[in-house]
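Data block below; observations after.
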Amino acid sequence: MIISQSFNHEEVLGFKFGYKLIGQPKLFSHIYFVDGLLIDTGQSKMRKSIIAATKDLDVEQIFITHHHEDHTGNIPELQALHNCDVFASERCCQMMKAPPKLSFIQKVTWGDRPAQEDLIPINGSIETKKFRFDIIPIPGHAPDMVALYEPTRRWLFSADLYLNSYIDYFLKGESISDQIASTKKILALDFKELFCSHKPQLKNGKQQLTKKLNFLESFYHDVSLQYDKGYSANEIFKSLKLKENWFVKILSNGYLSKLNMVKSVIRDLEGKKQVLN
Ligand SMILES: [Zn+2]
């Protein structure tokens, strides 16, 4: 089943796309259009719908928040359609020259994306005719991820910083401590709407992101207490009675799992220990 919907919020046009071979999709990607700027390009699995939804827009520039396949799935197609430049953070431009391989479940859910050689690096801010968006690095979920913040309208395009107020699994390289630091950095800003790429929060954006921060901090705290007792990642997983989503873990070949969240805390604690020694 295919879901392709759009909504307006102030001057922002949001698009929601979801695809599942059988039944209702549960995961959605969002792309946003504001004053000539298209933020992200969605997943390649939804290419036809994304092109149909955006073909009549006056897109003057495209901005990519990070290298993940559900944000970069249609870069050449949308760039050709609108004949415009595509900008991204320096790190994202580098990563997209040879993007990491995807697991089976990522290919099935979102679809693959090719390498990109001609993304244009930009930092500081990106301007449209009416607005100026601060580009804010928010590493953790991905090392190259950035948010766009428009301070006069108090809009925050948060990429995948929020996702939900709790998280069930991490990709292999995700850093929980970087996510905590990035979330705190964003919470210090004065914003209203949280234009998340998967679960937008047009009301109470700040409260929702605070809930996520509380979840991450308490998870980190719980794991550290067990780690201090000398437990391994698997022992901590059992002692905290955590549950794995086996469907996701197996189909991703371990690339996505809750155990990765535990391992991320341990990596951070071990890194801190090394600094102290
Ligand atoms: Zn992502």
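Ligands are numbered from 1 in the order shown, residues from 1 within each chain, and chains are lettered A, B, ... in the order they appear in the structure tokens.
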Please report as a Markdown table every residue of chain A lying within 9 Å of ligand 1, along with the nearest atom pair and their distance in Å (one decimal), using only C-alpha atoms and all ligand atoms.
```
| residue | atom | partner | partner_atom_place_in_ligand_line | distance |
| --- | --- | --- | --- | --- |
| A:Thr65 | CA | ligand 1 | 1 (Zn) | 8.7 |
| A:His66 | CA | ligand 1 | 1 (Zn) | 6.8 |
| A:His67 | CA | ligand 1 | 1 (Zn) | 7.4 |
| A:His68 | CA | ligand 1 | 1 (Zn) | 4.9 |
| A:Glu69 | CA | ligand 1 | 1 (Zn) | 7.6 |
| A:Asp70 | CA | ligand 1 | 1 (Zn) | 7.0 |
| A:His71 | CA | ligand 1 | 1 (Zn) | 7.3 |
| A:His141 | CA | ligand 1 | 1 (Zn) | 6.4 |
| A:Ala142 | CA | ligand 1 | 1 (Zn) | 6.5 |
| A:Met145 | CA | ligand 1 | 1 (Zn) | 8.0 |
| A:Ala159 | CA | ligand 1 | 1 (Zn) | 7.3 |
| A:Asp160 | CA | ligand 1 | 1 (Zn) | 5.2 |
| A:Leu161 | CA | ligand 1 | 1 (Zn) | 8.3 |
| A:Ser197 | CA | ligand 1 | 1 (Zn) | 8.5 |
```
Can those selected residues be exported to a file as a PDB file, in the first residue's frame so that it contains C-alpha atoms?
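Written output follows (selection_28.pdb):
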```pdb
ATOM      1  CA  THR A  65      19.900  16.831   6.217  1.00  0.00           C
ATOM      2  CA  HIS A  66      21.977  13.599   6.293  1.00  0.00           C
ATOM      3  CA  HIS A  67      23.119  10.682   4.161  1.00  0.00           C
ATOM      4  CA  HIS A  68      20.479   8.085   5.142  1.00  0.00           C
ATOM      5  CA  GLU A  69      18.573   6.426   2.309  1.00  0.00           C
ATOM      6  CA  ASP A  70      15.156   7.780   3.299  1.00  0.00           C
ATOM      7  CA  HIS A  71      16.466  11.346   2.837  1.00  0.00           C
ATOM      8  CA  HIS A 141      21.880   9.327  14.850  1.00  0.00           C
ATOM      9  CA  ALA A 142      24.246  10.006  11.949  1.00  0.00           C
ATOM     10  CA  MET A 145      23.215  15.139  10.447  1.00  0.00           C
ATOM     11  CA  ALA A 159      15.820  15.645  10.519  1.00  0.00           C
ATOM     12  CA  ASP A 160      15.954  12.388  12.574  1.00  0.00           C
ATOM     13  CA  LEU A 161      16.799  13.906  15.960  1.00  0.00           C
ATOM     14  CA  SER A 197      11.358  13.700   9.071  1.00  0.00           C
TER      15      SER A 197
END
```
Excluding Ser252 (chain A) and its own-chain neighbours fewer than 3 positions away, which residues fall within 9 Å of it when counting only C-alpha atoms? Please give them as number ranges by chain. A: 102-106, 247-249, 255-257
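If only C-alpha atoms are the atoms counted, then among A:Pro99, A:His9, A:Arg113, A:Arg91 the closest residue to Gly42 (chain A) is A:Arg113.
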Would you write out, as a tab-separated table, a table of all residues in region 105-159 of chain A that have an atom no more than 6 Å from an atom of region 74-88 of chain A, listing for each the closest atom pair and the distance in Å to one decimal, considering only C-alpha atoms and ordering rows by chain and rising residue number?
```
residue	atom	partner	partner_atom	distance
A:Leu119	CA	A:Val86	CA	5.5
A:Ile120	CA	A:Phe87	CA	4.6
A:Pro121	CA	A:Ala88	CA	5.3
A:Ile122	CA	A:Ala88	CA	5.9
```
Please dump the current selection as a compact mmCIF listing (two decimals), in the first residue's frame; keep C-alpha atoms.
```txt
# COMPACT_ATOMS: atom_id res chain seq x y z
CA LEU A 119 26.45 17.91 -3.66
CA ILE A 120 27.53 21.42 -2.64
CA PRO A 121 28.91 21.83 0.89
CA ILE A 122 27.39 24.62 2.96
```
From a backbone DSSP assignment, name each residue in region 160-243 of chain A labelled alpha helix (DSSP H), as a ChimeraX atom specification. /A:176-187,205-228,233-239
Test item: residues at most 7 Å from region 44-60 of chain A, only C-alpha atoms, excluding those fewer than 3 positions along its chain, as a ChimeraX atom specification: /A:4,17,19,36-38,73-74,82,84,110-113
Strand (DSSP E) positions in region 29-121 of chain A, given as a list in words: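 Answer for region 29-121 of chain A restricted to strand (DSSP E) is Ser29, His30, Ile31, Tyr32, Phe33, Val34, Leu37, Leu38, Ile39, Gln61, Ile62, Phe63, Ile64, Asp85, Val86, Phe87, Ala88, Ile120 and Pro121 of chain A.
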Contacts of Glu117 (chain A) at 10 Å (only C-alpha atoms; same-chain gap of 3+ positions) as a PyMOL selection string: chain A and resi 93-98+114+120
Between A:Phe195, A:Trp155, A:Tyr227, A:Tyr169, which is the closest to Ser29 (chain A) once you count only C-alpha atoms? A:Phe195
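With only C-alpha atoms as the atoms that count, the residue of A:Cys196, A:Pro143, A:Pro100, A:Gln116 with the shortest distance to Tyr32 (chain A) is A:Cys196.
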Of the listed residues A:Lys101, A:Arg153, A:Ile180, A:Leu242, that which approaches Asp168 (chain A) most closely, counting only C-alpha atoms: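 Looking at the shortest contact to Asp168 (chain A), the residue is A:Leu242.
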Residues near Ala147 (chain A), anyone? I mean within 7 Å using only C-alpha atoms, not counting same-chain ones fewer than 4 positions away, as an MDAnalysis selection string. chainID A and resid 65 135:138 157:159
Just-selected residues, N, CA and C atoms written as a tab-separated table (two decimals), in the first residue's frame:
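Below is the file part-v7.tsv, written as the result:
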```tsv
chain	number	residue	atom	x	y	z
A	65	THR	N	19.55	16.76	4.79
A	65	THR	CA	19.90	16.83	6.22
A	65	THR	C	20.95	15.79	6.64
A	135	ILE	N	22.06	26.44	10.06
A	135	ILE	CA	22.39	25.02	9.88
A	135	ILE	C	23.09	24.56	11.16
A	136	ILE	N	22.47	23.65	11.88
A	136	ILE	CA	23.00	23.27	13.20
A	136	ILE	C	23.40	21.80	13.21
A	137	PRO	N	24.69	21.51	13.38
A	137	PRO	CA	25.11	20.10	13.43
A	137	PRO	C	24.48	19.38	14.64
A	138	ILE	N	23.88	18.24	14.37
A	138	ILE	CA	23.27	17.44	15.45
A	138	ILE	C	23.69	15.97	15.29
A	157	PHE	N	13.51	22.28	11.65
A	157	PHE	CA	13.49	21.08	10.81
A	157	PHE	C	14.55	20.15	11.39
A	158	SER	N	14.08	19.15	12.13
A	158	SER	CA	14.97	18.42	13.03
A	158	SER	C	15.53	17.13	12.45
A	159	ALA	N	15.32	16.88	11.15
A	159	ALA	CA	15.82	15.65	10.52
A	159	ALA	C	15.38	14.44	11.36
```
Nearest to Glu235 (chain A), chosen from A:Met1, A:Leu216, A:Leu259, A:Leu251, with only C-alpha atoms counted in the distances: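 Of all the options, A:Leu259 lies closest to Glu235 (chain A).
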Would you list the contacts of region 186-194 of chain A as JSON, numbers by chain, taking every protein, DNA or RNA residue within 8 Å and counting only C-alpha atoms, but skipping same-chain residues closer than 3 positions in sequence? {"A": [151, 154, 155, 156, 157, 158, 182, 183, 200, 201, 202, 203, 204, 205, 206, 209, 210]}
